[in-house]
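Data block for start-v9.csv (CSV, C-alpha atoms and all ligand atoms):
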chain,number,residue,atom,x,y,z
A,15,MET,CA,163.2,71.0,73.6
A,16,THR,CA,161.7,67.6,74.6
A,17,ALA,CA,158.5,69.1,75.8
A,18,MET,CA,158.1,71.1,72.6
A,19,ALA,CA,158.6,68.0,70.5
A,20,GLU,CA,155.7,66.4,72.3
A,21,PHE,CA,153.3,69.3,71.6
A,22,SER,CA,150.8,68.3,69.0
A,23,LEU,CA,148.0,69.7,66.9
A,24,SER,CA,145.6,67.8,69.1
A,25,ASP,CA,146.9,69.7,72.1
A,26,LEU,CA,146.3,73.0,70.3
A,27,GLU,CA,142.8,71.9,69.2
A,28,LYS,CA,142.1,71.2,72.9
A,29,ILE,CA,143.3,74.7,74.0
A,30,VAL,CA,141.3,76.3,71.2
A,31,GLY,CA,138.2,74.4,72.4
A,32,GLU,CA,138.7,75.4,76.0
A,33,ARG,CA,139.4,79.1,75.2
A,34,ALA,CA,136.6,79.4,72.6
A,35,HIS,CA,133.8,80.0,75.1
A,36,SER,CA,136.0,81.1,78.1
A,37,GLY,CA,134.5,84.6,78.1
A,38,ASP,CA,138.1,85.9,78.8
A,39,PRO,CA,138.3,89.4,77.3
A,40,ASP,CA,142.0,88.8,76.7
A,41,SER,CA,141.4,85.7,74.7
A,42,TRP,CA,141.9,86.1,70.9
A,43,THR,CA,140.3,82.7,70.5
A,44,ALA,CA,137.2,83.8,72.4
A,45,LYS,CA,137.1,87.0,70.3
A,46,LEU,CA,137.3,85.1,67.1
A,47,PHE,CA,134.6,82.6,68.1
A,48,ALA,CA,132.3,85.5,69.1
A,49,ARG,CA,132.9,87.3,65.7
A,50,GLY,CA,132.1,84.1,63.8
A,51,ILE,CA,133.1,82.1,60.8
A,52,ASP,CA,133.5,85.1,58.4
A,53,LYS,CA,136.1,86.9,60.5
A,54,ALA,CA,137.9,83.6,61.4
A,55,ALA,CA,138.0,82.5,57.7
A,56,GLN,CA,139.3,86.0,56.7
A,57,LYS,CA,142.1,85.7,59.2
A,58,LEU,CA,142.9,82.2,58.0
A,59,GLY,CA,143.2,83.6,54.4
A,60,GLU,CA,145.4,86.5,55.6
A,61,GLU,CA,147.7,84.1,57.4
A,62,ALA,CA,147.9,81.8,54.4
A,63,VAL,CA,149.0,84.7,52.2
A,64,GLU,CA,151.6,85.8,54.8
A,65,THR,CA,152.9,82.2,54.9
A,66,VAL,CA,153.2,82.2,51.1
A,67,ILE,CA,155.0,85.5,51.1
A,68,ALA,CA,157.5,84.2,53.7
A,69,ALA,CA,158.1,81.1,51.7
A,70,VAL,CA,158.7,82.9,48.4
A,71,LYS,CA,161.1,85.3,50.1
A,72,GLY,CA,163.0,82.4,51.6
A,73,ASP,CA,162.5,83.9,55.0
A,74,LYS,CA,162.7,80.8,57.2
A,75,PRO,CA,162.0,82.4,60.6
A,76,ALA,CA,159.0,84.2,59.1
A,77,LEU,CA,157.8,81.0,57.5
A,78,VAL,CA,157.9,79.2,60.9
A,79,SER,CA,156.0,82.1,62.6
A,80,GLU,CA,153.4,82.5,59.8
A,81,SER,CA,152.9,78.7,59.6
A,82,ALA,CA,152.1,78.7,63.4
A,83,ASP,CA,149.6,81.6,62.9
A,84,LEU,CA,148.1,79.7,59.9
A,85,ILE,CA,147.7,76.4,61.7
A,86,TYR,CA,146.2,78.1,64.8
A,87,HIS,CA,143.6,80.0,62.7
A,88,TRP,CA,142.9,76.8,60.7
A,89,LEU,CA,142.1,75.0,64.0
A,90,VAL,CA,139.8,78.0,64.9
A,91,VAL,CA,138.0,77.7,61.6
A,92,LEU,CA,137.6,73.9,62.1
A,93,GLY,CA,136.3,74.4,65.6
A,94,LEU,CA,133.8,77.1,64.5
A,95,SER,CA,132.7,74.8,61.7
A,96,GLY,CA,132.2,71.8,64.0
A,97,VAL,CA,134.8,69.7,62.2
A,98,PRO,CA,137.1,67.8,64.5
A,99,LEU,CA,140.8,67.6,63.7
A,100,SER,CA,140.5,63.8,63.8
A,101,ASP,CA,138.3,64.0,60.7
A,102,VAL,CA,141.1,65.8,58.7
A,103,LEU,CA,143.7,63.3,60.1
A,104,ARG,CA,141.5,60.4,59.0
A,105,GLU,CA,141.2,61.9,55.5
A,106,LEU,CA,144.9,62.3,55.3
A,107,GLU,CA,145.5,58.8,56.7
A,108,GLY,CA,143.2,57.4,54.0
A,109,ARG,CA,145.3,59.1,51.3
A,110,THR,CA,148.6,57.4,52.5
A,111,GLY,CA,150.0,54.9,50.1
A,112,ARG,CA,148.5,56.6,47.2
A,113,SER,CA,150.2,59.2,45.0
A,114,GLY,CA,148.9,62.7,44.8
A,115,ILE,CA,148.5,62.5,41.0
A,116,ALA,CA,146.5,59.3,41.2
A,117,GLU,CA,144.3,60.8,43.8
A,118,LYS,CA,143.7,63.9,41.7
A,119,ALA,CA,142.8,61.7,38.6
A,120,SER,CA,140.2,59.8,40.7
A,121,ARG,CA,138.3,62.9,41.7
A,122,PRO,CA,134.9,63.5,40.0
A,123,LYS,CA,135.2,65.7,36.9
A,124,GLY,CA,133.4,69.0,36.9
A,201,LIG,N1,148.6,80.0,68.6
A,201,LIG,C1,148.0,81.0,68.9
A,201,LIG,C2,148.0,82.2,68.0
A,201,LIG,N2,148.7,82.5,66.9
A,201,LIG,C3,148.3,83.8,66.6
A,201,LIG,N3,147.4,84.3,67.5
A,201,LIG,C4,146.8,85.6,67.6
A,201,LIG,O1,146.2,85.9,66.3
A,201,LIG,C5,146.0,87.3,66.3
A,201,LIG,C6,146.0,87.8,64.9
A,201,LIG,O2,147.3,88.0,64.5
A,201,LIG,P1,147.6,89.2,63.6
A,201,LIG,O3,149.1,89.3,63.5
A,201,LIG,O4,146.9,89.1,62.3
A,201,LIG,O5,147.0,90.4,64.4
A,201,LIG,P2,146.3,91.7,63.9
A,201,LIG,O6,146.8,92.0,62.5
A,201,LIG,O7,146.5,92.8,64.9
A,201,LIG,O8,144.7,91.3,63.8
A,201,LIG,P3,143.6,92.3,63.3
A,201,LIG,O9,142.6,92.5,64.5
A,201,LIG,O10,144.2,93.5,62.8
A,201,LIG,O11,142.8,91.5,62.2
A,201,LIG,C7,147.0,87.9,67.3
A,201,LIG,O12,146.3,88.5,68.4
A,201,LIG,C8,147.8,86.8,67.7
A,201,LIG,O13,148.2,86.8,69.1
A,201,LIG,C9,147.2,83.3,68.4
A,201,LIG,N4,146.4,83.3,69.5
A,201,LIG,C10,146.4,82.2,70.3
A,201,LIG,N5,147.1,81.1,70.0
A,201,LIG,C11,147.1,79.9,70.9
A,201,LIG,O14,145.8,79.9,71.6
A,201,LIG,C12,146.1,79.9,73.0
A,201,LIG,C13,145.0,80.7,73.7
A,201,LIG,O15,145.0,82.0,73.3
A,201,LIG,P4,143.9,83.1,73.8
A,201,LIG,O16,142.6,82.6,73.3
A,201,LIG,O17,144.3,84.4,73.2
A,201,LIG,O18,144.0,83.1,75.3
A,201,LIG,C14,147.4,80.5,73.2
A,201,LIG,O19,148.0,80.2,74.4
A,201,LIG,C15,148.2,79.9,72.0
A,201,LIG,O20,148.5,78.6,72.3
Will you turn the file into structure tokens for me?
Amino acid sequence: MTAMAEFSLSDLEKIVGERAHSGDPDSWTAKLFARGIDKAAQKLGEEAVETVIAAVKGDKPALVSESADLIYHWLVVLGLSGVPLSDVLRELEGRTGRSGIAEKASRPKG
């Protein structure tokens, strides 16, 4: 369990980056990168819906599994979009110490 606890999103981002252009016919990551952002974004949306369904049903094992699918596909979409995980983490870090409601109130109207 110790090794698993050390596994990070950054590790998964690295794996996705390495597999993206591997040319391995057995790589789902390579397949998604070849098909492009529309397909990857569609998969991300499907995994999001499946995660929501698991949560609403109170199915904890499914919630864990679907969350993993969701995060993996999210990293694929970030990669395809040329957005590094560190940009998202920096954005999240910048929000710490500020309540969500205050943050929402500060957004431009429109
Ligand atoms: N975490 C994941 C991961 N999560 C989900 N998936 C794949 O995502 C795919 C889509 O899942 P679905 O259940 O929606 O499959 P589906 O409904 O048959 O898909 P459709 O073609 O019908 O749209 C499946 O092939 C899953 O295996 C993942 N594929 C890869 N990874 C990670 O990426 C690494 C590299 O994987 P490859 O690129 O495949 O070598 C792996 O070692 C993992 O660490």
Please return as a compact mmCIF listing (two decimals) with C-alpha atoms, in the frame of the given file every residue within 12 Å of (139.5, 76.6, 60.0), taking into account all atoms listed in the file and the file's own coordinates.
# COMPACT_ATOMS: atom_id res chain seq x y z
CA GLU A 27 142.80 71.90 69.20
CA VAL A 30 141.30 76.30 71.20
CA LEU A 46 137.30 85.10 67.10
CA PHE A 47 134.60 82.60 68.10
CA GLY A 50 132.10 84.10 63.80
CA ILE A 51 133.10 82.10 60.80
CA ASP A 52 133.50 85.10 58.40
CA LYS A 53 136.10 86.90 60.50
CA ALA A 54 137.90 83.60 61.40
CA ALA A 55 138.00 82.50 57.70
CA GLN A 56 139.30 86.00 56.70
CA LYS A 57 142.10 85.70 59.20
CA LEU A 58 142.90 82.20 58.00
CA GLY A 59 143.20 83.60 54.40
CA GLU A 61 147.70 84.10 57.40
CA ALA A 62 147.90 81.80 54.40
CA ASP A 83 149.60 81.60 62.90
CA LEU A 84 148.10 79.70 59.90
CA ILE A 85 147.70 76.40 61.70
CA TYR A 86 146.20 78.10 64.80
CA HIS A 87 143.60 80.00 62.70
CA TRP A 88 142.90 76.80 60.70
CA LEU A 89 142.10 75.00 64.00
CA VAL A 90 139.80 78.00 64.90
CA VAL A 91 138.00 77.70 61.60
CA LEU A 92 137.60 73.90 62.10
CA GLY A 93 136.30 74.40 65.60
CA LEU A 94 133.80 77.10 64.50
CA SER A 95 132.70 74.80 61.70
CA GLY A 96 132.20 71.80 64.00
CA VAL A 97 134.80 69.70 62.20
CA PRO A 98 137.10 67.80 64.50
CA LEU A 99 140.80 67.60 63.70
CA VAL A 102 141.10 65.80 58.70
For a quick check of understanding, using only C-alpha atoms and all ligand atoms, which of A:Ala48, A:Ala19, A:Ala119, A:Ala82 has the smallest distance to ligand LIG 201 (chain A)? A:Ala82
Between atom O17 of ligand LIG 201 (chain A) and atom CA of Lys28 of chain A lies a distance of 13.4 Å
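If all atoms listed in the file are the atoms counted, then among A:Leu106, A:Thr43, A:Asp38, A:Ser24 the closest residue to ligand LIG 201 (chain A) is A:Thr43.
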May I ask which of the residues A:Gly114, A:Glu105, A:Ser22, A:Arg49 is the closest one to His35 of chain A, counting all atoms listed in the file? A:Arg49
As an exercise, work out the distance from atom C3 of ligand LIG 201 (chain A) to atom CA of Asp40 of chain A in Å and give it to one decimal place. 12.9 Å
I'd like the interatomic distance between atom CA of Ala44 of chain A and atom C3 of ligand LIG 201 (chain A), to a tenth of an Å. 12.5 Å
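When all atoms listed in the file are used to compute distances to ligand LIG 201 (chain A), the closest of the residues A:Gly31, A:Pro122, A:Gly72, A:Gly111 turns out to be A:Gly31.
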Go through A:Lys118, A:Arg109, A:Lys45, A:Arg104 one by one, measure the shortest atom-to-atom distance of each to ligand LIG 201 (chain A) using all atoms listed in the file, and give the residue with the smallest value.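 Closest candidate: A:Lys45.
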Residue among A:Glu80, A:Glu20, A:Glu107, A:Asp73 lying closest to ligand LIG 201 (chain A), counting only C-alpha atoms and all ligand atoms: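 For ligand LIG 201 (chain A), the nearest of the candidates is A:Glu80.
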Completion step: segment 102-116 of chain A with N, CA and C atoms as a tab-separated table (two decimals), in the frame of the given file:
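Now in part-v5.tsv:
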chain	number	residue	atom	x	y	z
A	102	VAL	N	140.05	65.39	59.74
A	102	VAL	CA	141.10	65.80	58.70
A	102	VAL	C	142.20	64.73	58.75
A	103	LEU	N	142.60	64.33	59.96
A	103	LEU	CA	143.70	63.30	60.10
A	103	LEU	C	143.26	62.01	59.44
A	104	ARG	N	141.98	61.65	59.64
A	104	ARG	CA	141.50	60.40	59.00
A	104	ARG	C	141.50	60.50	57.51
A	105	GLU	N	141.13	61.67	57.00
A	105	GLU	CA	141.20	61.90	55.50
A	105	GLU	C	142.59	61.77	55.03
A	106	LEU	N	143.53	62.38	55.75
A	106	LEU	CA	144.90	62.30	55.30
A	106	LEU	C	145.45	60.87	55.41
A	107	GLU	N	145.06	60.18	56.49
A	107	GLU	CA	145.50	58.80	56.70
A	107	GLU	C	145.00	57.93	55.50
A	108	GLY	N	143.74	58.20	55.08
A	108	GLY	CA	143.20	57.40	54.00
A	108	GLY	C	143.88	57.65	52.66
A	109	ARG	N	144.62	58.76	52.58
A	109	ARG	CA	145.30	59.10	51.30
A	109	ARG	C	146.73	58.48	51.30
A	110	THR	N	147.20	57.95	52.45
A	110	THR	CA	148.60	57.40	52.50
A	110	THR	C	148.66	56.20	51.58
A	111	GLY	N	149.79	56.01	50.99
A	111	GLY	CA	150.00	54.90	50.10
A	111	GLY	C	149.45	55.11	48.73
A	112	ARG	N	149.01	56.34	48.46
A	112	ARG	CA	148.50	56.60	47.20
A	112	ARG	C	149.10	57.95	46.69
A	113	SER	N	149.57	57.99	45.45
A	113	SER	CA	150.20	59.20	45.00
A	113	SER	C	149.25	60.32	44.79
A	114	GLY	N	149.72	61.54	44.94
A	114	GLY	CA	148.90	62.70	44.80
A	114	GLY	C	148.27	62.80	43.40
A	115	ILE	N	149.02	62.44	42.38
A	115	ILE	CA	148.50	62.50	41.00
A	115	ILE	C	147.41	61.50	40.77
A	116	ALA	N	147.59	60.29	41.32
A	116	ALA	CA	146.50	59.30	41.20
A	116	ALA	C	145.27	59.71	41.91
